[in-house]
Amino acid sequence: MFDVCNIQVMKPLLNQYGFHFSKAKGQNFLIAQWVPERIAEDAGVDEAAGVLEIGPGIGPLTQQLCLRAGKVCAVELDTRLKPILEMTVGEFSNLEIIWNDVLKLDIPALVAEKFSGLRPMACANLPYYITSDILTALLEAECFDSVTVMVQKEVAQRIAAKPGTADYSAFTVFCQYYAQPELLFDVPAGCFLPQPKVTSAVICLRVRKERPWQIDSEELFFRTVRASFAMRRKTLQNGLAAGFPELGKAGAGEVIAACGFASDVRGETLDIAGFAALSNEINRRRRHG
Ligand code: SAM
């Protein structure tokens, strides 16, 4: 197999095709073989899996996925990588490369078309400039068994954060609504070419088969979450009053009291069940006045 993480092999290959890294496309390529091996292994990729990879680059993770999965579809934006990927992963008959922007794809339709009879998974070393957009699309697609990605370490910590901590955010609640995160391992900047300025981490999001909350309106739930985090140093009452002007400050206070929270509670201390209770109460008041 082509030794794609070996810098002595990779640099001449990139030079041969006149390839220059694009910062705008988030191109930091892996040069430490243990990293893609461990991502594919820890993600639990096996022959029953259909794996969507985002951003194969020159193919280090693609190789490891193809060695284990029933099928791999890799979506890459940068067509300059065509001849290089042909050399590094052209040998794999279970690989299909889709030359497109992942954010322009209908992901559920793609998964249904390409992975029939397989267990769909997503696995990627993500381009960091669109991490949250891609994660949002992958989770909202509601068609993956798990999503295992390398992201900036601080983003991984944010995704896995607990209520009441500094890292806990609206994005945490969004991700944990859809999935249960597990931090897998850190990856130092020296494992990439060019080196990013930050440490990276691999996180596995196991998508919930069933969500253990009763939520009357998903749209209202996420609006409640956004309002609750919008004014971090203010009380929840102020946040809800600003996010739901129709409630007013007094109405926001009544909602909080009806859910059994203290009047000075802060939004960032609530768990998903707490946000569910708030949004259900707002919904009830809307319908019954
Ligand atoms: N998987 C390779 C590795 O680990 O060495 C490359 C990872 S690099 C961090 C991110 C890759 O995503 C690049 O190959 C980049 O061209 C690609 N990319 C960037 N934006 C993209 C988009 N919108 N859709 C698909 N691929 C994208």
# chains A, B, ... in the order shown; residues from 1 in each chain; ligands from 1
>>> residues_around(residues="region 43-52 of chain A", least_positions_apart="5", cutoff="10 Å", atoms="only C-alpha atoms", output="PDB file with N, CA, C and O atoms, in the first residue's frame")
ATOM      1  N   ARG A  38      -5.686   4.500  14.111  1.00  0.00           N
ATOM      2  CA  ARG A  38      -6.440   4.487  15.383  1.00  0.00           C
ATOM      3  C   ARG A  38      -7.847   5.063  15.195  1.00  0.00           C
ATOM      4  O   ARG A  38      -8.796   4.590  15.818  1.00  0.00           O
ATOM      5  N   THR A  62      -8.542   7.422   4.348  1.00  0.00           N
ATOM      6  CA  THR A  62      -9.281   6.667   3.319  1.00  0.00           C
ATOM      7  C   THR A  62      -8.726   5.245   3.218  1.00  0.00           C
ATOM      8  O   THR A  62      -9.498   4.276   3.156  1.00  0.00           O
ATOM      9  N   GLN A  64      -7.201   3.456   5.479  1.00  0.00           N
ATOM     10  CA  GLN A  64      -7.546   2.656   6.670  1.00  0.00           C
ATOM     11  C   GLN A  64      -9.027   2.294   6.684  1.00  0.00           C
ATOM     12  O   GLN A  64      -9.396   1.208   7.135  1.00  0.00           O
ATOM     13  N   LEU A  65      -9.861   3.204   6.186  1.00  0.00           N
ATOM     14  CA  LEU A  65     -11.298   2.920   6.125  1.00  0.00           C
ATOM     15  C   LEU A  65     -11.561   1.829   5.085  1.00  0.00           C
ATOM     16  O   LEU A  65     -12.319   0.888   5.330  1.00  0.00           O
ATOM     17  N   CYS A  66     -10.918   1.962   3.918  1.00  0.00           N
ATOM     18  CA  CYS A  66     -11.133   0.985   2.843  1.00  0.00           C
ATOM     19  C   CYS A  66     -10.669  -0.414   3.253  1.00  0.00           C
ATOM     20  O   CYS A  66     -11.244  -1.416   2.822  1.00  0.00           O
ATOM     21  N   LEU A  67      -9.616  -0.486   4.081  1.00  0.00           N
ATOM     22  CA  LEU A  67      -9.119  -1.798   4.528  1.00  0.00           C
ATOM     23  C   LEU A  67     -10.131  -2.513   5.415  1.00  0.00           C
ATOM     24  O   LEU A  67     -10.106  -3.735   5.541  1.00  0.00           O
ATOM     25  N   ARG A  68     -11.036  -1.734   6.059  1.00  0.00           N
ATOM     26  CA  ARG A  68     -11.947  -2.320   7.055  1.00  0.00           C
ATOM     27  C   ARG A  68     -13.411  -2.337   6.640  1.00  0.00           C
ATOM     28  O   ARG A  68     -14.158  -3.226   7.056  1.00  0.00           O
ATOM     29  N   ALA A  69     -13.861  -1.335   5.853  1.00  0.00           N
ATOM     30  CA  ALA A  69     -15.300  -1.136   5.618  1.00  0.00           C
ATOM     31  C   ALA A  69     -15.833  -1.947   4.443  1.00  0.00           C
ATOM     32  O   ALA A  69     -15.071  -2.380   3.573  1.00  0.00           O
ATOM     33  N   GLY A  70     -17.168  -2.126   4.418  1.00  0.00           N
ATOM     34  CA  GLY A  70     -17.807  -2.720   3.246  1.00  0.00           C
ATOM     35  C   GLY A  70     -17.708  -1.775   2.069  1.00  0.00           C
ATOM     36  O   GLY A  70     -17.374  -2.157   0.950  1.00  0.00           O
ATOM     37  N   LYS A  71     -17.976  -0.492   2.342  1.00  0.00           N
ATOM     38  CA  LYS A  71     -17.889   0.523   1.284  1.00  0.00           C
ATOM     39  C   LYS A  71     -17.501   1.865   1.895  1.00  0.00           C
ATOM     40  O   LYS A  71     -17.897   2.179   3.015  1.00  0.00           O
ATOM     41  N   VAL A  72     -16.744   2.642   1.126  1.00  0.00           N
ATOM     42  CA  VAL A  72     -16.370   3.996   1.561  1.00  0.00           C
ATOM     43  C   VAL A  72     -16.744   4.977   0.457  1.00  0.00           C
ATOM     44  O   VAL A  72     -16.441   4.747  -0.716  1.00  0.00           O
ATOM     45  N   CYS A  73     -17.442   6.051   0.837  1.00  0.00           N
ATOM     46  CA  CYS A  73     -17.657   7.170  -0.085  1.00  0.00           C
ATOM     47  C   CYS A  73     -16.905   8.349   0.495  1.00  0.00           C
ATOM     48  O   CYS A  73     -17.150   8.735   1.650  1.00  0.00           O
ATOM     49  N   ALA A  74     -15.980   8.904  -0.271  1.00  0.00           N
ATOM     50  CA  ALA A  74     -15.171  10.013   0.224  1.00  0.00           C
ATOM     51  C   ALA A  74     -15.525  11.263  -0.582  1.00  0.00           C
ATOM     52  O   ALA A  74     -15.475  11.244  -1.811  1.00  0.00           O
ATOM     53  N   VAL A  75     -15.897  12.314   0.121  1.00  0.00           N
ATOM     54  CA  VAL A  75     -16.309  13.562  -0.539  1.00  0.00           C
ATOM     55  C   VAL A  75     -15.180  14.576  -0.437  1.00  0.00           C
ATOM     56  O   VAL A  75     -14.773  14.946   0.667  1.00  0.00           O
ATOM     57  N   ASN A  94     -13.674  -0.910  -3.160  1.00  0.00           N
ATOM     58  CA  ASN A  94     -14.827  -0.540  -2.324  1.00  0.00           C
ATOM     59  C   ASN A  94     -14.883   0.962  -2.054  1.00  0.00           C
ATOM     60  O   ASN A  94     -15.570   1.405  -1.144  1.00  0.00           O
ATOM     61  N   LEU A  95     -14.147   1.747  -2.884  1.00  0.00           N
ATOM     62  CA  LEU A  95     -14.102   3.204  -2.671  1.00  0.00           C
ATOM     63  C   LEU A  95     -14.742   3.949  -3.836  1.00  0.00           C
ATOM     64  O   LEU A  95     -14.485   3.642  -5.002  1.00  0.00           O
ATOM     65  N   GLU A  96     -15.557   4.936  -3.480  1.00  0.00           N
ATOM     66  CA  GLU A  96     -16.093   5.862  -4.487  1.00  0.00           C
ATOM     67  C   GLU A  96     -15.758   7.281  -4.016  1.00  0.00           C
ATOM     68  O   GLU A  96     -16.031   7.624  -2.856  1.00  0.00           O
ATOM     69  N   ILE A  97     -15.174   8.077  -4.904  1.00  0.00           N
ATOM     70  CA  ILE A  97     -14.863   9.457  -4.527  1.00  0.00           C
ATOM     71  C   ILE A  97     -15.889  10.380  -5.177  1.00  0.00           C
ATOM     72  O   ILE A  97     -16.185  10.260  -6.371  1.00  0.00           O
ATOM     73  N   ILE A 107     -27.297  14.650   2.187  1.00  0.00           N
ATOM     74  CA  ILE A 107     -26.608  13.535   2.840  1.00  0.00           C
ATOM     75  C   ILE A 107     -27.527  12.319   3.050  1.00  0.00           C
ATOM     76  O   ILE A 107     -27.125  11.196   2.712  1.00  0.00           O
ATOM     77  N   LEU A 110     -27.818  10.547  -0.237  1.00  0.00           N
ATOM     78  CA  LEU A 110     -26.554   9.911  -0.613  1.00  0.00           C
ATOM     79  C   LEU A 110     -26.353   8.607   0.171  1.00  0.00           C
ATOM     80  O   LEU A 110     -26.004   7.568  -0.404  1.00  0.00           O
ATOM     81  N   VAL A 111     -26.607   8.667   1.465  1.00  0.00           N
ATOM     82  CA  VAL A 111     -26.431   7.485   2.317  1.00  0.00           C
ATOM     83  C   VAL A 111     -27.384   6.369   1.879  1.00  0.00           C
ATOM     84  O   VAL A 111     -26.995   5.205   1.768  1.00  0.00           O
ATOM     85  N   LYS A 114     -26.016   4.973  -1.538  1.00  0.00           N
ATOM     86  CA  LYS A 114     -24.702   4.311  -1.581  1.00  0.00           C
ATOM     87  C   LYS A 114     -24.529   3.185  -0.570  1.00  0.00           C
ATOM     88  O   LYS A 114     -23.697   2.310  -0.774  1.00  0.00           O
ATOM     89  N   PHE A 115     -25.248   3.258   0.556  1.00  0.00           N
ATOM     90  CA  PHE A 115     -24.956   2.313   1.638  1.00  0.00           C
ATOM     91  C   PHE A 115     -26.099   1.344   1.939  1.00  0.00           C
ATOM     92  O   PHE A 115     -26.268   0.917   3.079  1.00  0.00           O
ATOM     93  N   SER A 116     -26.857   1.019   0.921  1.00  0.00           N
ATOM     94  CA  SER A 116     -27.978   0.106   1.138  1.00  0.00           C
ATOM     95  C   SER A 116     -27.471  -1.224   1.722  1.00  0.00           C
ATOM     96  O   SER A 116     -26.514  -1.816   1.208  1.00  0.00           O
ATOM     97  N   GLY A 117     -28.088  -1.690   2.801  1.00  0.00           N
ATOM     98  CA  GLY A 117     -27.691  -2.953   3.425  1.00  0.00           C
ATOM     99  C   GLY A 117     -26.492  -2.838   4.344  1.00  0.00           C
ATOM    100  O   GLY A 117     -26.085  -3.814   4.970  1.00  0.00           O
ATOM    101  N   LEU A 118     -25.904  -1.648   4.429  1.00  0.00           N
ATOM    102  CA  LEU A 118     -24.743  -1.451   5.308  1.00  0.00           C
ATOM    103  C   LEU A 118     -25.113  -0.550   6.485  1.00  0.00           C
ATOM    104  O   LEU A 118     -26.151   0.109   6.462  1.00  0.00           O
ATOM    105  N   ARG A 119     -24.266  -0.547   7.513  1.00  0.00           N
ATOM    106  CA  ARG A 119     -24.480   0.323   8.687  1.00  0.00           C
ATOM    107  C   ARG A 119     -23.772   1.644   8.417  1.00  0.00           C
ATOM    108  O   ARG A 119     -22.552   1.693   8.357  1.00  0.00           O
ATOM    109  N   PRO A 120     -24.537   2.747   8.223  1.00  0.00           N
ATOM    110  CA  PRO A 120     -23.869   3.996   7.834  1.00  0.00           C
ATOM    111  C   PRO A 120     -23.106   4.642   8.982  1.00  0.00           C
ATOM    112  O   PRO A 120     -23.603   4.735  10.099  1.00  0.00           O
ATOM    113  N   MET A 121     -21.887   5.062   8.681  1.00  0.00           N
ATOM    114  CA  MET A 121     -21.063   5.767   9.667  1.00  0.00           C
ATOM    115  C   MET A 121     -20.418   6.958   8.955  1.00  0.00           C
ATOM    116  O   MET A 121     -20.244   6.926   7.738  1.00  0.00           O
ATOM    117  N   ALA A 122     -20.055   7.972   9.724  1.00  0.00           N
ATOM    118  CA  ALA A 122     -19.264   9.067   9.149  1.00  0.00           C
ATOM    119  C   ALA A 122     -17.944   9.092   9.892  1.00  0.00           C
ATOM    120  O   ALA A 122     -17.891   8.867  11.102  1.00  0.00           O
ATOM    121  N   CYS A 123     -16.877   9.370   9.158  1.00  0.00           N
ATOM    122  CA  CYS A 123     -15.544   9.332   9.745  1.00  0.00           C
ATOM    123  C   CYS A 123     -14.681  10.327   8.992  1.00  0.00           C
ATOM    124  O   CYS A 123     -14.653  10.309   7.749  1.00  0.00           O
ATOM    125  N   ALA A 124     -13.999  11.215   9.705  1.00  0.00           N
ATOM    126  CA  ALA A 124     -13.244  12.249   8.972  1.00  0.00           C
ATOM    127  C   ALA A 124     -12.250  12.980   9.850  1.00  0.00           C
ATOM    128  O   ALA A 124     -12.429  13.099  11.061  1.00  0.00           O
ATOM    129  N   LEU A 138     -24.218  16.494   9.505  1.00  0.00           N
ATOM    130  CA  LEU A 138     -24.130  15.040   9.733  1.00  0.00           C
ATOM    131  C   LEU A 138     -25.128  14.580  10.790  1.00  0.00           C
ATOM    132  O   LEU A 138     -25.749  13.523  10.661  1.00  0.00           O
ATOM    133  N   PHE A 144     -26.879   8.301  10.456  1.00  0.00           N
ATOM    134  CA  PHE A 144     -25.634   7.596  10.801  1.00  0.00           C
ATOM    135  C   PHE A 144     -25.768   6.899  12.150  1.00  0.00           C
ATOM    136  O   PHE A 144     -26.457   7.375  13.047  1.00  0.00           O
ATOM    137  N   ASP A 145     -25.052   5.791  12.248  1.00  0.00           N
ATOM    138  CA  ASP A 145     -24.955   5.064  13.497  1.00  0.00           C
ATOM    139  C   ASP A 145     -24.001   5.818  14.440  1.00  0.00           C
ATOM    140  O   ASP A 145     -24.244   5.930  15.632  1.00  0.00           O
ATOM    141  N   SER A 146     -22.914   6.322  13.850  1.00  0.00           N
ATOM    142  CA  SER A 146     -21.946   7.089  14.629  1.00  0.00           C
ATOM    143  C   SER A 146     -21.210   8.060  13.715  1.00  0.00           C
ATOM    144  O   SER A 146     -21.167   7.866  12.494  1.00  0.00           O
ATOM    145  N   VAL A 147     -20.669   9.093  14.345  1.00  0.00           N
ATOM    146  CA  VAL A 147     -19.907  10.115  13.628  1.00  0.00           C
ATOM    147  C   VAL A 147     -18.592  10.262  14.391  1.00  0.00           C
ATOM    148  O   VAL A 147     -18.583  10.712  15.539  1.00  0.00           O
ATOM    149  N   THR A 148     -17.489   9.838  13.769  1.00  0.00           N
ATOM    150  CA  THR A 148     -16.191   9.914  14.444  1.00  0.00           C
ATOM    151  C   THR A 148     -15.321  10.900  13.688  1.00  0.00           C
ATOM    152  O   THR A 148     -15.035  10.705  12.497  1.00  0.00           O
ATOM    153  N   VAL A 149     -14.924  11.968  14.361  1.00  0.00           N
ATOM    154  CA  VAL A 149     -14.217  13.038  13.658  1.00  0.00           C
ATOM    155  C   VAL A 149     -13.037  13.573  14.460  1.00  0.00           C
ATOM    156  O   VAL A 149     -13.054  13.571  15.684  1.00  0.00           O
ATOM    157  N   LEU A 184     -11.988  10.472  22.373  1.00  0.00           N
ATOM    158  CA  LEU A 184     -11.165   9.275  22.179  1.00  0.00           C
ATOM    159  C   LEU A 184      -9.690   9.539  22.478  1.00  0.00           C
ATOM    160  O   LEU A 184      -9.124   8.946  23.365  1.00  0.00           O
ATOM    161  N   VAL A 202      -9.755  13.502  18.658  1.00  0.00           N
ATOM    162  CA  VAL A 202     -10.741  12.668  17.951  1.00  0.00           C
ATOM    163  C   VAL A 202     -11.894  12.378  18.912  1.00  0.00           C
ATOM    164  O   VAL A 202     -11.667  12.029  20.078  1.00  0.00           O
ATOM    165  N   ILE A 203     -13.082  12.564  18.403  1.00  0.00           N
ATOM    166  CA  ILE A 203     -14.276  12.370  19.221  1.00  0.00           C
ATOM    167  C   ILE A 203     -15.256  11.472  18.466  1.00  0.00           C
ATOM    168  O   ILE A 203     -15.393  11.599  17.235  1.00  0.00           O
ATOM    169  N   CYS A 204     -15.882  10.563  19.203  1.00  0.00           N
ATOM    170  CA  CYS A 204     -16.901   9.702  18.590  1.00  0.00           C
ATOM    171  C   CYS A 204     -18.268  10.119  19.116  1.00  0.00           C
ATOM    172  O   CYS A 204     -18.481  10.174  20.333  1.00  0.00           O
ATOM    173  N   LEU A 205     -19.180  10.414  18.207  1.00  0.00           N
ATOM    174  CA  LEU A 205     -20.558  10.747  18.574  1.00  0.00           C
ATOM    175  C   LEU A 205     -21.437   9.555  18.221  1.00  0.00           C
ATOM    176  O   LEU A 205     -21.636   9.258  17.035  1.00  0.00           O
ATOM    177  N   ARG A 206     -21.860   8.835  19.249  1.00  0.00           N
ATOM    178  CA  ARG A 206     -22.768   7.696  19.004  1.00  0.00           C
ATOM    179  C   ARG A 206     -24.186   8.235  18.954  1.00  0.00           C
ATOM    180  O   ARG A 206     -24.694   8.772  19.941  1.00  0.00           O
TER     181      ARG A 206
END
>>> residues_near_ligand(ligand="ligand 1", cutoff="7 Å", atoms="only C-alpha atoms and all ligand atoms", output="ChimeraX atom specification")
/A:25-30,54-61,75-78,100-103,124-128
>>> closest_residue(among="A:Arg286, A:Pro245, A:Leu278, A:Ala273", to="Cys259 (chain A)", atoms="only C-alpha atoms")
A:Leu278
>>> select_by_dssp(residues="region 54-250 of chain A", states="strand (DSSP E)", output="PyMOL selection string")
chain A and resi 54+71-76+95-99+119-125+146-152+179-187+192-193+200-207
>>> atom_distance(atom1="CA of Gln214 (chain A)", atom2="CA of Lys249 (chain A)")
25.8 Å
>>> atom_distance(atom1="CA of Arg80 (chain A)", atom2="CA of Asp106 (chain A)")
23.6 Å
>>> residues_around(residues="Ser263 (chain A)", least_positions_apart="3", cutoff="12 Å", atoms="only C-alpha atoms", output="list in words")
Lys234, Thr235, Leu236, Gln237, Asn238, Lys249, Ala250, Gly251, Ala252, Gly253, Glu254, Val255, Ile256, Ala257, Ala258, Cys259, Gly260, Arg266 and Gly267 of chain A
>>> atom_distance(atom1="CA of Thr269 (chain A)", atom2="CA of Ala170 (chain A)")
11.6 Å
>>> closest_residue(among="A:Gln16, A:Trp99, A:Arg226, A:Ser132", to="Ala242 (chain A)", atoms="only C-alpha atoms")
A:Arg226
>>> select_by_dssp(residues="region 64-255 of chain A", states="alpha helix (DSSP H)", output="MDAnalysis selection string")
chainID A and resid 64:68 82:89 107:114 131:140 153:159 170:178 218:230 236:243 248:255
>>> residues_around(residues="Asn6 (chain A)", least_positions_apart="5", cutoff="9 Å", atoms="only C-alpha atoms", output="VMD selection string")
chain A and resid 11 31 to 33
>>> residues_around(residues="Met87 (chain A)", least_positions_apart="2", cutoff="10 Å", atoms="only C-alpha atoms", output="PyMOL selection string")
chain A and resi 1-2+4+13+58-59+82-85+89-91
>>> write_last_selection(atoms="N, CA and C atoms", output="PDB file, in the first residue's frame")
ATOM      1  N   MET A   1       0.845  -1.199   0.000  1.00  0.00           N
ATOM      2  CA  MET A   1       0.000   0.000   0.000  1.00  0.00           C
ATOM      3  C   MET A   1       0.881   1.250   0.000  1.00  0.00           C
ATOM      4  N   PHE A   2       0.426   2.275  -0.693  1.00  0.00           N
ATOM      5  CA  PHE A   2       1.180   3.522  -0.804  1.00  0.00           C
ATOM      6  C   PHE A   2       1.390   4.141   0.584  1.00  0.00           C
ATOM      7  N   VAL A   4       1.450   6.767   2.448  1.00  0.00           N
ATOM      8  CA  VAL A   4       1.020   8.154   2.250  1.00  0.00           C
ATOM      9  C   VAL A   4       1.358   9.086   3.417  1.00  0.00           C
ATOM     10  N   LEU A  13       5.780  13.516  -3.907  1.00  0.00           N
ATOM     11  CA  LEU A  13       4.512  13.261  -4.614  1.00  0.00           C
ATOM     12  C   LEU A  13       3.750  14.578  -4.822  1.00  0.00           C
ATOM     13  N   ILE A  58      -5.004  13.443   0.696  1.00  0.00           N
ATOM     14  CA  ILE A  58      -4.252  12.516  -0.157  1.00  0.00           C
ATOM     15  C   ILE A  58      -4.460  11.059   0.296  1.00  0.00           C
ATOM     16  N   GLY A  59      -5.395  10.859   1.221  1.00  0.00           N
ATOM     17  CA  GLY A  59      -5.896   9.496   1.448  1.00  0.00           C
ATOM     18  C   GLY A  59      -5.424   8.684   2.645  1.00  0.00           C
ATOM     19  N   LYS A  82      -7.078  14.858  -7.488  1.00  0.00           N
ATOM     20  CA  LYS A  82      -7.486  13.671  -8.277  1.00  0.00           C
ATOM     21  C   LYS A  82      -6.322  12.739  -8.611  1.00  0.00           C
ATOM     22  N   PRO A  83      -5.261  13.248  -9.276  1.00  0.00           N
ATOM     23  CA  PRO A  83      -4.203  12.307  -9.680  1.00  0.00           C
ATOM     24  C   PRO A  83      -3.471  11.705  -8.482  1.00  0.00           C
ATOM     25  N   ILE A  84      -3.403  12.444  -7.390  1.00  0.00           N
ATOM     26  CA  ILE A  84      -2.688  11.945  -6.209  1.00  0.00           C
ATOM     27  C   ILE A  84      -3.505  10.821  -5.551  1.00  0.00           C
ATOM     28  N   LEU A  85      -4.812  11.060  -5.396  1.00  0.00           N
ATOM     29  CA  LEU A  85      -5.670  10.012  -4.806  1.00  0.00           C
ATOM     30  C   LEU A  85      -5.697   8.765  -5.690  1.00  0.00           C
ATOM     31  N   VAL A  89      -4.990   5.653  -3.363  1.00  0.00           N
ATOM     32  CA  VAL A  89      -6.130   4.793  -2.982  1.00  0.00           C
ATOM     33  C   VAL A  89      -6.842   4.179  -4.195  1.00  0.00           C
ATOM     34  N   GLY A  90      -6.245   4.369  -5.388  1.00  0.00           N
ATOM     35  CA  GLY A  90      -6.855   3.863  -6.626  1.00  0.00           C
ATOM     36  C   GLY A  90      -7.067   2.359  -6.624  1.00  0.00           C
ATOM     37  N   GLU A  91      -6.304   1.639  -5.787  1.00  0.00           N
ATOM     38  CA  GLU A  91      -6.381   0.165  -5.777  1.00  0.00           C
ATOM     39  C   GLU A  91      -7.649  -0.374  -5.109  1.00  0.00           C
TER      40      GLU A  91
END
>>> residues_around(residues="Gln157 (chain A)", least_positions_apart="4", cutoff="9 Å", atoms="only C-alpha atoms", output="list of chain:residue names")
A:Gln152, A:Lys153, A:Ala161, A:Asp167, A:Tyr168, A:Leu183, A:Ala201
>>> closest_residue(among="A:Thr79, A:Asn283, A:Gln195, A:Gln180", to="Arg211 (chain A)", atoms="only C-alpha atoms")
A:Gln180
>>> closest_residue(among="A:Gly239, A:Leu81, A:Leu247, A:Arg285", to="Asp264 (chain A)", atoms="only C-alpha atoms")
A:Gly239
